[in-house]
>>> print(open('my_file.tsv').read())   # TSV, C-alpha atoms
chain	number	residue	atom	x	y	z
L	36	MET	CA	-21.80	7.46	21.64
L	37	ASN	CA	-25.05	8.18	19.91
L	38	PRO	CA	-25.77	6.70	16.48
L	39	LYS	CA	-26.13	10.06	14.79
L	40	ARG	CA	-22.63	11.05	15.81
L	41	ILE	CA	-21.25	7.79	14.56
L	42	MET	CA	-22.94	8.40	11.24
L	43	MET	CA	-21.50	11.88	11.00
L	44	ARG	CA	-18.00	10.79	11.80
L	45	SER	CA	-18.13	7.82	9.45
L	46	MET	CA	-19.36	9.93	6.58
L	47	PRO	CA	-16.04	10.60	4.81
L	48	LEU	CA	-15.03	6.95	5.07
L	49	LEU	CA	-18.39	5.87	3.83
L	50	LEU	CA	-18.18	8.24	0.91
L	51	LEU	CA	-14.74	6.97	0.07
L	52	GLY	CA	-16.04	3.42	0.26
L	53	SER	CA	-18.90	4.22	-2.07
L	54	LEU	CA	-16.54	5.91	-4.46
L	55	ILE	CA	-14.31	2.84	-4.56
L	56	LEU	CA	-17.36	0.71	-5.28
L	57	PHE	CA	-18.38	3.07	-8.00
L	58	THR	CA	-15.03	3.29	-9.73
L	59	THR	CA	-14.27	-0.43	-9.51
L	60	GLY	CA	-17.71	-1.59	-10.43
L	61	CYS	CA	-19.04	0.81	-12.97
L	62	ALA	CA	-16.28	1.64	-15.42
L	63	THR	CA	-17.74	1.52	-18.88
L	64	ASN	CA	-16.24	1.11	-22.29
L	65	SER	CA	-13.24	-0.80	-21.04
L	66	ALA	CA	-11.51	-4.17	-20.99
L	67	THR	CA	-11.67	-6.79	-18.26
L	68	LYS	CA	-8.88	-7.56	-15.85
L	69	GLU	CA	-8.23	-10.92	-17.44
L	70	GLN	CA	-8.04	-9.50	-20.97
L	71	THR	CA	-5.62	-6.87	-19.79
L	72	TYR	CA	-3.46	-8.87	-17.41
L	73	PRO	CA	-3.75	-12.56	-18.38
L	74	GLU	CA	-0.34	-13.44	-16.91
L	75	MET	CA	-1.53	-12.51	-13.43
L	76	TYR	CA	-4.13	-15.29	-13.55
L	77	ILE	CA	-1.64	-17.81	-14.80
L	78	GLU	CA	1.19	-17.08	-12.40
L	79	LYS	CA	-0.79	-15.92	-9.36
L	80	PRO	CA	2.06	-14.13	-7.57
L	81	VAL	CA	1.62	-13.72	-3.81
L	82	ALA	CA	4.85	-12.40	-2.27
L	83	ILE	CA	5.67	-9.00	-3.71
L	84	LEU	CA	9.03	-7.28	-3.31
L	85	VAL	CA	8.57	-3.50	-3.40
L	86	VAL	CA	11.84	-1.89	-4.43
L	87	PRO	CA	12.70	1.79	-3.90
L	88	ALA	CA	11.05	4.16	-6.37
L	89	ILE	CA	12.79	5.84	-9.26
L	90	ASN	CA	12.16	9.53	-8.82
L	91	HIS	CA	11.89	11.72	-11.90
L	92	SER	CA	9.74	14.29	-10.15
L	93	THR	CA	10.86	17.54	-8.60
L	94	SER	CA	9.80	16.45	-5.14
L	95	ALA	CA	12.49	14.90	-2.99
L	96	ASP	CA	9.75	13.64	-0.70
L	97	ALA	CA	7.87	11.65	-3.33
L	98	PRO	CA	9.81	8.36	-2.94
L	99	ILE	CA	9.34	8.21	0.83
L	100	LEU	CA	5.69	9.13	0.47
L	101	TYR	CA	5.31	6.25	-1.96
L	102	GLU	CA	7.26	3.86	0.24
L	103	SER	CA	5.17	4.72	3.30
L	104	THR	CA	1.81	4.33	1.62
L	105	VAL	CA	2.16	1.37	-0.75
L	106	ASN	CA	2.04	-1.51	1.76
L	107	GLU	CA	-1.51	-0.77	2.81
L	108	PRO	CA	-3.37	-0.82	-0.54
L	109	LEU	CA	-1.19	-3.60	-1.99
L	110	SER	CA	-1.92	-5.80	1.02
L	111	ASN	CA	-5.58	-4.86	0.87
L	112	ALA	CA	-5.59	-6.08	-2.73
L	113	GLY	CA	-4.69	-9.51	-1.36
L	114	PHE	CA	-0.92	-9.70	-1.74
L	115	TYR	CA	1.78	-10.44	0.78
L	116	VAL	CA	4.05	-7.43	0.66
L	117	LEU	CA	7.49	-8.54	1.79
L	118	PRO	CA	8.13	-6.21	4.75
L	119	ILE	CA	9.56	-3.13	3.06
L	120	GLU	CA	11.54	-1.99	6.08
L	121	VAL	CA	13.29	-5.36	6.10
L	122	THR	CA	13.92	-5.66	2.36
L	123	ASN	CA	15.17	-2.07	2.21
L	124	ARG	CA	17.79	-2.91	4.83
L	125	PHE	CA	19.04	-5.81	2.76
L	126	LEU	CA	19.09	-3.71	-0.37
L	127	ARG	CA	20.87	-0.86	1.42
L	128	ASN	CA	23.50	-3.27	2.68
L	129	GLU	CA	24.07	-4.30	-0.92
L	130	GLY	CA	24.49	-0.66	-1.85
L	131	PHE	CA	21.06	-0.01	-3.37
L	132	THR	CA	19.39	3.07	-1.97
L	133	ASP	CA	17.26	4.15	-4.90
L	134	GLY	CA	15.45	2.35	-7.66
L	135	GLU	CA	17.58	3.59	-10.52
L	136	ALA	CA	20.36	1.02	-9.99
L	137	LEU	CA	17.90	-1.83	-9.54
L	138	VAL	CA	16.28	-1.75	-12.97
L	139	ASP	CA	19.27	-3.46	-14.56
L	140	ILE	CA	19.00	-6.47	-12.27
L	141	PRO	CA	16.88	-9.31	-13.65
L	142	PRO	CA	13.80	-9.85	-11.44
L	143	GLN	CA	14.70	-13.54	-11.21
L	144	LYS	CA	17.64	-12.61	-8.97
L	145	PHE	CA	15.22	-11.59	-6.21
L	146	ALA	CA	13.43	-14.92	-6.06
L	147	GLU	CA	15.91	-16.81	-3.95
L	148	PRO	CA	17.20	-14.34	-1.35
L	149	PHE	CA	13.82	-12.72	-0.69
L	150	GLY	CA	11.35	-15.46	-1.51
L	151	ALA	CA	9.66	-13.03	-3.91
L	152	ASP	CA	7.17	-14.08	-6.59
L	153	ALA	CA	7.21	-10.67	-8.28
L	154	VAL	CA	8.93	-7.30	-8.02
L	155	LEU	CA	7.07	-3.99	-8.06
L	156	TYR	CA	8.96	-1.16	-9.76
L	157	VAL	CA	7.65	2.38	-9.62
L	158	THR	CA	8.75	5.46	-11.46
L	159	ILE	CA	7.41	8.73	-10.16
L	160	ASP	CA	7.27	11.03	-13.16
L	161	LYS	CA	5.58	13.97	-11.61
L	162	TRP	CA	4.70	15.39	-8.22
L	163	ASP	CA	3.77	18.97	-8.92
L	164	THR	CA	2.23	21.19	-6.33
L	165	ASN	CA	0.34	24.09	-7.85
L	166	TYR	CA	-0.90	27.09	-5.93
L	167	TYR	CA	-3.58	29.38	-7.28
L	168	VAL	CA	-5.16	32.46	-5.78
L	169	ILE	CA	-7.93	30.34	-4.39
L	170	GLY	CA	-6.50	26.94	-3.63
L	171	GLY	CA	-4.28	24.61	-5.57
L	172	ASN	CA	-3.65	21.01	-6.47
L	173	VAL	CA	-1.09	18.25	-6.62
L	174	VAL	CA	-0.59	16.43	-9.91
L	175	VAL	CA	0.94	13.02	-9.41
L	176	GLY	CA	2.19	11.01	-12.37
L	177	ALA	CA	3.55	7.53	-11.88
L	178	SER	CA	4.13	4.26	-13.71
L	179	PHE	CA	3.93	0.89	-12.01
L	180	LEU	CA	5.47	-2.35	-13.30
L	181	LEU	CA	5.05	-5.73	-11.64
L	182	LYS	CA	7.55	-8.25	-13.01
L	183	SER	CA	7.67	-11.98	-12.51
L	184	CYS	CA	10.56	-13.44	-10.56
L	185	LYS	CA	10.11	-16.65	-12.52
L	186	THR	CA	10.24	-15.35	-16.07
L	187	GLY	CA	11.09	-11.67	-15.78
L	188	THR	CA	8.05	-10.71	-17.84
L	189	THR	CA	5.64	-7.93	-16.93
L	190	LEU	CA	2.58	-9.29	-15.14
L	191	TRP	CA	0.81	-6.01	-14.44
L	192	SER	CA	1.49	-2.43	-15.35
L	193	TYR	CA	-0.28	0.84	-14.94
L	194	GLN	CA	0.47	4.43	-15.74
L	195	ASP	CA	-1.53	7.42	-14.69
L	196	GLU	CA	-1.48	11.08	-13.95
L	197	ILE	CA	-3.81	11.99	-11.15
L	198	PRO	CA	-4.63	15.56	-10.23
L	199	VAL	CA	-5.67	15.95	-6.62
L	200	ASP	CA	-7.30	19.23	-5.72
L	201	THR	CA	-6.12	20.81	-2.50
L	202	SER	CA	-8.35	23.86	-2.49
L	203	GLY	CA	-11.53	22.19	-1.36
L	204	ASP	CA	-13.35	23.44	-4.45
L	205	SER	CA	-12.84	20.67	-6.82
L	206	GLY	CA	-12.70	19.54	-10.36
L	207	SER	CA	-11.43	16.19	-9.22
L	208	GLY	CA	-14.66	15.00	-7.68
L	209	LEU	CA	-15.56	13.50	-4.39
L	210	LEU	CA	-12.23	11.85	-3.74
L	211	GLY	CA	-10.46	15.12	-4.35
L	212	LEU	CA	-12.71	16.79	-1.82
L	213	ILE	CA	-12.02	14.23	0.81
L	214	ILE	CA	-8.28	14.47	0.32
L	215	ALA	CA	-8.49	18.25	0.20
L	216	THR	CA	-10.22	18.22	3.54
L	217	ALA	CA	-7.46	16.11	4.99
L	218	ILE	CA	-4.83	18.45	3.63
L	219	ASN	CA	-6.59	21.63	4.61
L	220	THR	CA	-6.96	20.51	8.17
L	221	GLY	CA	-3.19	20.49	8.00
L	222	LEU	CA	-2.48	17.34	9.93
L	223	GLN	CA	-0.97	14.94	7.48
L	224	ASP	CA	0.18	16.87	4.46
L	225	TYR	CA	0.61	14.66	1.46
L	226	VAL	CA	0.33	11.22	2.97
L	227	PRO	CA	-3.36	11.01	1.94
L	228	VAL	CA	-2.47	12.08	-1.58
L	229	ALA	CA	0.17	9.39	-1.96
L	230	ARG	CA	-2.06	6.83	-0.33
L	231	ASN	CA	-4.89	7.57	-2.71
L	232	VAL	CA	-2.68	7.50	-5.77
L	233	ASN	CA	-1.60	4.01	-4.73
L	234	LEU	CA	-5.17	3.07	-3.96
L	235	MET	CA	-6.55	4.30	-7.28
L	236	THR	CA	-3.74	2.70	-9.24
L	237	LEU	CA	-4.16	-0.64	-7.55
L	238	GLN	CA	-7.84	-0.84	-8.44
L	239	SER	CA	-6.78	-2.36	-11.74
L	240	ILE	CA	-4.67	-5.18	-10.31
L	241	PRO	CA	-6.14	-8.69	-10.22
L	242	TYR	CA	-6.69	-9.55	-6.56
L	243	GLY	CA	-4.16	-11.70	-4.72
L	244	LYS	CA	-4.46	-14.76	-2.53
L	245	TYR	CA	-5.62	-12.97	0.62
L	246	HIS	CA	-8.54	-11.20	-1.06
L	247	ASN	CA	-12.03	-12.71	-1.05
L	248	LEU	CA	-12.27	-12.21	-4.79
L	249	HIS	CA	-8.96	-13.86	-5.62
L	250	ASP	CA	-9.27	-15.65	-8.96
L	251	LYS	CA	-12.88	-14.49	-9.22
L	252	ASP	CA	-12.38	-11.03	-10.68
L	253	GLN	CA	-11.43	-11.95	-14.25
L	254	ALA	CA	-14.52	-10.34	-15.75
L	255	ARG	CA	-14.21	-7.13	-13.78
L	256	LYS	CA	-13.83	-4.05	-15.95
L	257	ILE	CA	-10.92	-1.71	-15.57
L	258	ASN	CA	-10.17	1.69	-16.92
L	259	ALA	CA	-8.34	0.69	-20.08
L	260	GLY	CA	-7.25	4.13	-21.19
L	261	LYS	CA	-4.31	4.03	-18.85
L	262	VAL	CA	-2.95	0.57	-19.09
L	263	PRO	CA	0.17	-1.13	-20.19
L	264	LEU	CA	3.56	0.07	-21.03
L	265	ASN	CA	6.75	-1.87	-20.73
F	137	MET	CA	-13.14	1.20	16.74
F	138	ARG	CA	-16.87	1.07	16.94
F	139	ILE	CA	-16.92	3.65	14.19
F	140	LEU	CA	-14.82	1.48	11.93
F	141	PHE	CA	-17.16	-1.39	12.64
F	142	ALA	CA	-20.16	0.74	11.82
F	143	VAL	CA	-18.56	1.72	8.53
F	144	ILE	CA	-17.73	-1.87	7.66
F	145	ALA	CA	-21.27	-2.89	8.49
F	146	LEU	CA	-22.77	-0.05	6.50
F	147	VAL	CA	-20.66	-0.74	3.45
F	148	PHE	CA	-21.32	-4.42	3.74
F	149	PHE	CA	-25.06	-4.06	4.00
F	150	SER	CA	-25.16	-1.50	1.23
F	151	GLY	CA	-24.98	-4.55	-0.97
F	152	CYS	CA	-21.47	-4.95	-2.30
F	153	VAL	CA	-19.32	-7.54	-0.62
F	154	ALA	CA	-16.24	-6.50	-2.58
F	155	THR	CA	-15.15	-3.58	-0.45
F	156	VAL	CA	-15.33	-5.51	2.78
F	157	SER	CA	-12.00	-7.07	1.97
F	158	GLU	CA	-10.56	-3.58	1.72
F	159	SER	CA	-11.25	-3.52	5.42
F	160	ASN	CA	-10.21	-7.05	6.22
F	161	LEU	CA	-7.03	-5.56	7.58
F	162	TYR	CA	-6.86	-2.91	10.24
F	163	TRP	CA	-4.11	-0.36	9.57
F	164	GLY	CA	-4.76	2.40	12.09
F	165	ASN	CA	-2.48	5.33	11.39
F	166	TYR	CA	0.27	3.14	9.89
F	167	SER	CA	1.19	5.13	6.76
F	168	ASN	CA	1.42	8.39	8.66
F	169	THR	CA	3.63	7.23	11.51
F	170	LEU	CA	5.85	5.33	9.05
F	171	TYR	CA	6.21	8.41	6.88
F	172	ASN	CA	7.14	10.49	9.92
F	173	ILE	CA	10.09	8.19	10.66
F	174	LYS	CA	11.42	8.68	7.16
F	175	LYS	CA	10.72	12.38	7.13
F	176	GLU	CA	12.02	13.15	10.60
F	177	PRO	CA	14.11	10.25	11.85
F	178	GLY	CA	14.53	10.27	15.60
F	179	ASP	CA	13.52	8.71	18.88
F	180	SER	CA	10.11	10.32	19.07
F	181	SER	CA	8.97	9.40	15.54
F	182	LYS	CA	10.28	5.87	16.09
F	183	ALA	CA	8.49	5.53	19.41
F	184	ALA	CA	5.25	6.78	17.85
F	185	HIS	CA	5.47	4.26	15.03
F	186	GLU	CA	6.27	1.36	17.34
F	187	LYS	CA	3.32	2.33	19.50
F	188	GLU	CA	1.10	2.39	16.42
F	189	LEU	CA	2.35	-1.06	15.37
F	190	ASN	CA	1.49	-2.46	18.79
F	191	SER	CA	-1.92	-0.87	18.64
F	192	ILE	CA	-2.54	-2.40	15.19
F	193	VAL	CA	-1.69	-5.85	16.56
F	194	GLN	CA	-4.01	-5.35	19.50
F	195	LYS	CA	-6.93	-3.96	17.49
F	196	SER	CA	-6.57	-6.67	14.87
F	197	LYS	CA	-6.85	-9.30	17.59
F	198	GLU	CA	-9.86	-7.58	19.11
F	199	LEU	CA	-11.57	-7.53	15.73
F	200	ASN	CA	-10.51	-11.08	14.99
F	201	LEU	CA	-8.59	-9.97	11.90
F	202	ARG	CA	-5.25	-11.13	10.54
F	203	VAL	CA	-2.42	-8.76	11.52
F	204	PRO	CA	-1.44	-6.94	8.28
F	205	PRO	CA	1.73	-7.89	6.36
F	206	GLY	CA	4.93	-6.47	7.80
F	207	ILE	CA	3.60	-5.30	11.15
F	208	TYR	CA	5.20	-8.11	13.19
F	209	ALA	CA	8.36	-7.86	11.10
F	210	GLU	CA	8.71	-4.15	11.84
F	211	LEU	CA	8.18	-4.81	15.55
F	212	GLY	CA	10.96	-7.39	15.22
F	213	LEU	CA	13.28	-4.77	13.75
F	214	PHE	CA	12.61	-2.43	16.66
F	215	ALA	CA	13.36	-5.23	19.14
F	216	MET	CA	16.53	-6.08	17.23
F	217	GLU	CA	17.69	-2.46	17.39
F	218	ARG	CA	17.29	-2.57	21.15
F	219	GLY	CA	19.37	-5.73	21.25
F	220	ASP	CA	16.42	-7.80	22.43
F	221	ASP	CA	17.09	-10.79	20.22
F	222	ASN	CA	14.54	-13.03	21.89
F	223	ALA	CA	11.70	-10.62	21.25
F	224	ALA	CA	12.96	-10.06	17.70
F	225	GLN	CA	13.00	-13.77	17.03
F	226	ASN	CA	9.50	-14.09	18.42
F	227	TYR	CA	8.16	-11.31	16.16
F	228	PHE	CA	9.84	-12.64	13.02
F	229	GLY	CA	8.34	-16.03	13.88
F	230	LEU	CA	4.89	-14.47	14.16
F	231	GLU	CA	5.28	-12.75	10.79
F	232	GLN	CA	6.24	-16.07	9.27
F	233	SER	CA	3.42	-18.04	10.84
F	234	THR	CA	0.87	-15.40	9.81
F	235	TYR	CA	2.25	-15.28	6.27
F	236	PRO	CA	4.20	-18.39	5.20
F	237	GLU	CA	5.27	-16.48	2.06
F	238	GLY	CA	7.55	-14.42	4.28
F	239	ALA	CA	9.44	-17.44	5.63
F	240	ILE	CA	12.56	-17.12	3.49
F	241	LEU	CA	13.00	-13.44	4.28
F	242	MET	CA	12.35	-13.89	7.98
F	243	GLN	CA	14.90	-16.72	8.17
F	244	GLN	CA	17.41	-14.47	6.41
F	245	THR	CA	16.73	-11.67	8.84
F	246	LEU	CA	17.30	-13.93	11.80
F	247	SER	CA	20.50	-15.38	10.43
F	248	THR	CA	22.14	-12.13	9.33
F	249	LYS	CA	20.91	-9.73	12.01
F	250	THR	CA	21.63	-6.81	9.75
F	251	ASN	CA	21.20	-3.37	11.15
>>> encode(input="my_file.tsv", output="structure tokens")
Amino acid sequence: MNPKRIMMRSMPLLLLGSLILFTTGCATNSATKEQTYPEMYIEKPVAILVVPAINHSTSADAPILYESTVNEPLSNAGFYVLPIEVTNRFLRNEGFTDGEALVDIPPQKFAEPFGADAVLYVTIDKWDTNYYVIGGNVVVGASFLLKSCKTGTTLWSYQDEIPVDTSGDSGSGLLGLIIATAINTGLQDYVPVARNVNLMTLQSIPYGKYHNLHDKDQARKINAGKVPLN
Amino acid sequence: MRILFAVIALVFFSGCVATVSESNLYWGNYSNTLYNIKKEPGDSSKAAHEKELNSIVQKSKELNLRVPPGIYAELGLFAMERGDDNAAQNYFGLEQSTYPEGAILMQQTLSTKTN
């Protein structure tokens, strides 16, 4: 394969990579990770139990999109995601099929049977697909809560509403264009959207044990406009 | 694969080490084939996902990377469904040795054999 072709084919990935660098490294006017999430640096959770999402959106597909795309970015951020297919089976056997019933259970209860350090709860508030004459977009709104299995307190939280353009002509920047391309080529539908929502959200989380920058990212800035809730 | 390597190299040499760890794990088409199982459960979507899992294991070894969290465990579940308990046990053991944090869960899975 000639080098030029490699370059061409790697272009979208490279752009995405650059964008990640840009958004993680260059946020201005914001707080650091340690200021925002001090508990993460004290407790240093590694094993994360991802429980089924609470779906308040109009899309029946949203929870399975979330569930299929969260392992990858969470693991890439350095955490050990307890295998979701396995934990879901256990939860199903106990009668839990969606996240709604799980919020009343203290996170501490998950420590022993699962070996979890923290539980990740997600509420999907919005998954709206809009069609215009020329194009459209998907607006995804979600809140993430990571709670300690030791103390039950919130270690990390993030809420955001992310519009992803699907028309190819974009107000949502480079990332939107890349996703739009993926959608327009028609192969994977909304998996890239969900994946990127998870990816963008997780940029604010202090890195876990398996990341090179674990315990070294305290001073890193995050986008503080969209941080905690409880 | 060579393309992925080229990208990793390019990003790396562009000066920021941080994103390399984003690529420390090789995921192939994982999210897509997993989603397809949930969206359209059936033999063909299952077979496609299992094939993808095997390919992730293989590529990770080729690239000298750690196999991502959950990949061995999911292969173990497939083996268990087929009734191949030896293979299942082997996969759950691999998950556990790759990620000691998964030990408790893997032990549970072996002892209960839920399906």
>>> atom_distance(input="my_file.tsv", atom1="CA of Gln238 (chain L)", atom2="CA of Ser110 (chain L)")
12.2 Å
>>> closest_residue(input="my_file.tsv", among="F:Trp163, F:Ser180, F:Thr234, F:Thr245", to="Met216 (chain F)", atoms="all atoms listed in the file")
F:Thr245
>>> closest_residue(input="my_file.tsv", among="L:Lys185, L:Lys79, L:His246, L:Lys251", to="chain F", atoms="only C-alpha atoms")
L:His246
>>> residues_around(input="my_file.tsv", residues="region 183-193 of chain F", least_positions_apart="3", cutoff="9 Å", atoms="all atoms listed in the file", output="tab-separated table (two decimals) with C-alpha atoms, in the coordinates of the input")
chain	number	residue	atom	x	y	z
F	162	TYR	CA	-6.86	-2.91	10.24
F	163	TRP	CA	-4.11	-0.36	9.57
F	164	GLY	CA	-4.76	2.40	12.09
F	165	ASN	CA	-2.48	5.33	11.39
F	166	TYR	CA	0.27	3.14	9.89
F	168	ASN	CA	1.42	8.39	8.66
F	169	THR	CA	3.63	7.23	11.51
F	170	LEU	CA	5.85	5.33	9.05
F	172	ASN	CA	7.14	10.49	9.92
F	173	ILE	CA	10.09	8.19	10.66
F	178	GLY	CA	14.53	10.27	15.60
F	179	ASP	CA	13.52	8.71	18.88
F	180	SER	CA	10.11	10.32	19.07
F	196	SER	CA	-6.57	-6.67	14.87
F	197	LYS	CA	-6.85	-9.30	17.59
F	198	GLU	CA	-9.86	-7.58	19.11
F	202	ARG	CA	-5.25	-11.13	10.54
F	203	VAL	CA	-2.42	-8.76	11.52
F	204	PRO	CA	-1.44	-6.94	8.28
F	207	ILE	CA	3.60	-5.30	11.15
F	208	TYR	CA	5.20	-8.11	13.19
F	210	GLU	CA	8.71	-4.15	11.84
F	211	LEU	CA	8.18	-4.81	15.55
F	214	PHE	CA	12.61	-2.43	16.66
>>> closest_residue(input="my_file.tsv", among="F:Ala209, F:Leu230, F:Leu199, F:Leu246", to="chain L", atoms="only C-alpha atoms")
F:Ala209
>>> closest_residue(input="my_file.tsv", among="L:Trp162, L:Tyr76, L:Tyr242, L:Phe149", to="chain F", atoms="only C-alpha atoms")
L:Phe149
>>> closest_residue(input="my_file.tsv", among="L:Leu155, L:Val105, L:Ile99, L:Ile257", to="Pro142 (chain L)", atoms="all atoms listed in the file")
L:Leu155
>>> atom_distance(input="my_file.tsv", atom1="CA of Ser239 (chain L)", atom2="CA of Ile83 (chain L)")
16.2 Å
>>> closest_residue(input="my_file.tsv", among="L:Ser92, L:Asn106, L:Gln70, L:Ser65", to="Val174 (chain L)", atoms="all atoms listed in the file")
L:Ser92
>>> residues_around(input="my_file.tsv", residues="Ala229 (chain L)", least_positions_apart="5", cutoff="8 Å", atoms="all atoms listed in the file", output="MDAnalysis selection string")
chainID L and resid 100:101 104
>>> atom_distance(input="my_file.tsv", atom1="CA of Ala97 (chain L)", atom2="CA of Ser181 (chain F)")
19.0 Å
>>> build_atoms(input="my_file.tsv", residues="region 230-247 of chain F", atoms="N, CA and C atoms", output="compact mmCIF listing (two decimals), keeping the file's coordinate frame")
# COMPACT_ATOMS: atom_id res chain seq x y z
N LEU F 230 6.32 -14.77 14.31
CA LEU F 230 4.89 -14.47 14.16
C LEU F 230 4.57 -14.01 12.74
N GLU F 231 5.48 -13.20 12.17
CA GLU F 231 5.28 -12.75 10.79
C GLU F 231 5.21 -13.97 9.88
N GLN F 232 6.14 -14.88 10.11
CA GLN F 232 6.24 -16.07 9.27
C GLN F 232 5.04 -17.00 9.43
N SER F 233 4.55 -17.13 10.67
CA SER F 233 3.42 -18.04 10.84
C SER F 233 2.13 -17.41 10.33
N THR F 234 2.06 -16.07 10.36
CA THR F 234 0.87 -15.40 9.81
C THR F 234 0.90 -15.46 8.29
N TYR F 235 2.09 -15.28 7.72
CA TYR F 235 2.25 -15.28 6.27
C TYR F 235 3.42 -16.18 5.88
N PRO F 236 3.14 -17.43 5.55
CA PRO F 236 4.20 -18.39 5.20
C PRO F 236 5.07 -17.89 4.03
N GLU F 237 4.51 -17.02 3.20
CA GLU F 237 5.27 -16.48 2.06
C GLU F 237 6.47 -15.65 2.51
N GLY F 238 6.46 -15.25 3.78
CA GLY F 238 7.55 -14.42 4.28
C GLY F 238 8.67 -15.24 4.91
N ALA F 239 8.52 -16.57 4.90
CA ALA F 239 9.44 -17.44 5.63
C ALA F 239 10.90 -17.23 5.24
N ILE F 240 11.16 -17.23 3.94
CA ILE F 240 12.56 -17.12 3.49
C ILE F 240 13.20 -15.83 4.00
N LEU F 241 12.47 -14.74 3.85
CA LEU F 241 13.00 -13.44 4.28
C LEU F 241 13.20 -13.39 5.79
N MET F 242 12.25 -13.92 6.52
CA MET F 242 12.35 -13.89 7.98
C MET F 242 13.54 -14.73 8.47
N GLN F 243 13.74 -15.88 7.82
CA GLN F 243 14.90 -16.72 8.17
C GLN F 243 16.20 -15.96 7.91
N GLN F 244 16.24 -15.28 6.76
CA GLN F 244 17.41 -14.47 6.41
C GLN F 244 17.68 -13.41 7.46
N THR F 245 16.59 -12.76 7.88
CA THR F 245 16.73 -11.67 8.84
C THR F 245 17.30 -12.19 10.14
N LEU F 246 16.81 -13.35 10.57
CA LEU F 246 17.30 -13.93 11.80
C LEU F 246 18.76 -14.34 11.71
N SER F 247 19.14 -14.86 10.54
CA SER F 247 20.50 -15.38 10.43
C SER F 247 21.54 -14.27 10.22
